[in-house]
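Visitor: Okay, here's the structure, questions in a sec.
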Amino acid sequence: MDSKRKVLKIMAAAGLLAVSGMALAQSGKPVRMLLPLAAGGSSDTIGRAVANEMSKTLGTTIVAENKPGASGTLALGEVIRTPVSNPTFGLVLGSTLAVVPHLMKVPYDSVKDVKPVVQLGITPFVLLVNKNHPAKNLAEFVAMSKRKPQTFGSYGAGTSSHVTGEAFNNAAGLKQVHVPYKGTAPAINDLLGSQVDSVVADFGVAGQHIGKDGKLRALAVTGPARSEGFPDVPTFGEQGYASMNDLVGWIAFVTSSATSDEQVASWAKAASNALRVPEVRQRLVSQGYVPAGTYGKEFDKIVADEPVRWGGLIKASNITLEN
């Protein structure tokens with residue numbers, strides 16, 4: 001009897017230790033956040049701002065770590081491989097999940113191995129020309145491009161901006177020649193210098209050059225509505241190209257599919273609450289993003305549907321990393 005009682009005491013103690021360890025992991029263990037871009041960029045600063053507010057809600061330190069390269073797949077791959085005993089989530093661009101797997105081999109299944117956490121913001125793509133370009137609006141630009149094919153720059157072969165530019169070629173019956181750049185900044189610099197006729201980008205880098213005193217003219221934005229940060233720029237849909245309405249970029253937090261639903265829900269709610277903080281919201285708006293805060297089944301569906309949408313466009317336009 002004594003030996004049985006002793007065993008029960010040991011089992012009870014072990015159970016208490018297990019529960020205590022779990023509670024410690026949930027309440028006090030640092031959480032890693034992997035960022036797919038170099039420090040200081042628009043997406044990087046947004047991710048850090050949201051995480052800072054999340055840490056206040058969760059009562060947990062969130063340690064940010066930049067791991068740029070390979071179109072975001074390096075950071076995402078590490079998020080997926082990290083054991084659940086080391087809580088980790090990562091920032092992703094929508095293109096990393098929806099575009100990249102169609103164009104290059106990735107060491108994971110971007111649907112089965114990934115568990116969506118929360119969509120932080122949505123950003124339209126914008127068609128830009130130099131202020132000195134003779135086309136003052138989209139109709140004039142299309143007419144000029146049909147007379148003499150223009151060049152359009154993107155922030156990289158196989159990126160969302162590349163696919164969006166080719167989608168506009170198809171929608172308008174144009175034969176613009178794609179010029180890929182290694183990032184938005186060099187593409188904008190060449191546009192400022194009139195080395196390329198137009199650029200398809202997001203507002204993050206381009207926004208500072210748009211406006212009354214800017215050196216660039218925005219002819220149209222994708223998405224179903226005008227950008228909150230740049231309300232004077234009309235949509236493609238308003239100008240007769242409704243097929244461009246669904247082509248938007250987004251940023252989000254995701255984690256490994258092995259992470260528990262309870263942990264994901266906790267992170268998602270904390271991030272969604274962070275997006276209600278005026279300073280955080282303004283950071284997104286100033287970069288051309290519409291704050292989202294979408295999570296749960298609604299965001300799960302977006303993550304499942306987007307690869308299908310973009311994959312269809314890639315196939316229709318015969319896009320590869322070489323063109």
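By convention here, the chains of the structure tokens are called A, B, ... in the order presented, each chain's residues are numbered starting at 1, and ligands are numbered starting at 1 in the order presented.
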Where does region 202-253 of chain A meet region 114-125 of chain A within 7 Å, residue by residue, with the nearest atom pair and distance in Å to one decimal for each, counting only C-alpha atoms, listed by chain and rising number, as JSON lines?
Guide:
```
{"residue": "A:Asp202", "atom": "CA", "partner": "A:Phe125", "partner_atom": "CA", "distance": 4.7}
{"residue": "A:Val221", "atom": "CA", "partner": "A:Phe125", "partner_atom": "CA", "distance": 5.5}
{"residue": "A:Thr222", "atom": "CA", "partner": "A:Pro124", "partner_atom": "CA", "distance": 5.0}
{"residue": "A:Gly223", "atom": "CA", "partner": "A:Pro124", "partner_atom": "CA", "distance": 5.6}
{"residue": "A:Val248", "atom": "CA", "partner": "A:Pro124", "partner_atom": "CA", "distance": 4.7}
{"residue": "A:Gly249", "atom": "CA", "partner": "A:Thr123", "partner_atom": "CA", "distance": 5.1}
{"residue": "A:Trp250", "atom": "CA", "partner": "A:Ile122", "partner_atom": "CA", "distance": 4.3}
{"residue": "A:Ile251", "atom": "CA", "partner": "A:Gly121", "partner_atom": "CA", "distance": 5.6}
{"residue": "A:Ala252", "atom": "CA", "partner": "A:Gln119", "partner_atom": "CA", "distance": 4.2}
{"residue": "A:Phe253", "atom": "CA", "partner": "A:Val117", "partner_atom": "CA", "distance": 5.3}
```
Visitor: Hey, could you make a per-residue contact list for region 36-152 of chain A against region 278-281 of chain A with 12 Å as the cut-off, showing the nearest pair of atoms and its distance in Å to one decimal, counting only C-alpha atoms, sorted by chain and number, as a tab-separated table?
Guide:
```
residue	atom	partner	partner_atom	distance
A:Thr45	CA	A:Val280	CA	9.9
A:Ile46	CA	A:Val280	CA	7.6
A:Gly47	CA	A:Val280	CA	9.8
A:Arg48	CA	A:Val280	CA	9.8
A:Ala49	CA	A:Val280	CA	6.2
A:Val50	CA	A:Val280	CA	6.6
A:Ala51	CA	A:Val280	CA	10.1
A:Asn52	CA	A:Val280	CA	9.6
A:Glu53	CA	A:Val280	CA	8.4
A:Met54	CA	A:Val280	CA	11.1
A:Leu120	CA	A:Arg281	CA	9.9
A:Gly121	CA	A:Arg281	CA	9.5
```
Visitor: Name all residues at most 10 Å from Val177 (chain A) (count only C-alpha atoms; drop same-chain ones fewer than 4 positions away) and give them as a PDB file with C-alpha atoms, in the first residue's frame.
Guide:
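Once everything was written out, this is out18.pdb:
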```pdb
ATOM      1  CA  PRO A 149       5.284  48.644 -77.155  1.00  0.00           C
ATOM      2  CA  GLN A 150       6.522  50.045 -73.849  1.00  0.00           C
ATOM      3  CA  THR A 151       8.773  48.479 -71.243  1.00  0.00           C
ATOM      4  CA  PHE A 152       7.536  47.719 -67.739  1.00  0.00           C
ATOM      5  CA  GLY A 153       9.718  47.058 -64.730  1.00  0.00           C
ATOM      6  CA  GLY A 165       2.175  43.480 -65.247  1.00  0.00           C
ATOM      7  CA  GLU A 166       1.674  40.484 -67.526  1.00  0.00           C
ATOM      8  CA  ASN A 169      -0.763  43.025 -70.866  1.00  0.00           C
ATOM      9  CA  VAL A 196      12.161  52.186 -68.215  1.00  0.00           C
ATOM     10  CA  ASP A 197       8.712  53.320 -69.398  1.00  0.00           C
ATOM     11  CA  ASN A 323      11.256  36.168 -68.556  1.00  0.00           C
TER      12      ASN A 323
END
```
Visitor: Near Asp190 (chain A), counting only C-alpha atoms, which residues have an atom at most 12 Å away, once you skip same-chain residues fewer than 2 positions from it, shown as a PyMOL selection string?
Guide: chain A and resi 128-130+151-155+179-188+192-199+216
Visitor: Ala70 (chain A): which residues within 12 Å, counting only C-alpha atoms, same-chain residues fewer than 5 positions away excluded, as number ranges by chain?
Guide: A: 36-37, 75-77, 95-96, 100-101, 103-107, 156, 158-159, 182
Visitor: Counting only C-alpha atoms, which of A:Ala292, A:Val285, A:Ile210, A:Val99 gets nearest to Gly311 (chain A)?
Guide: A:Val99
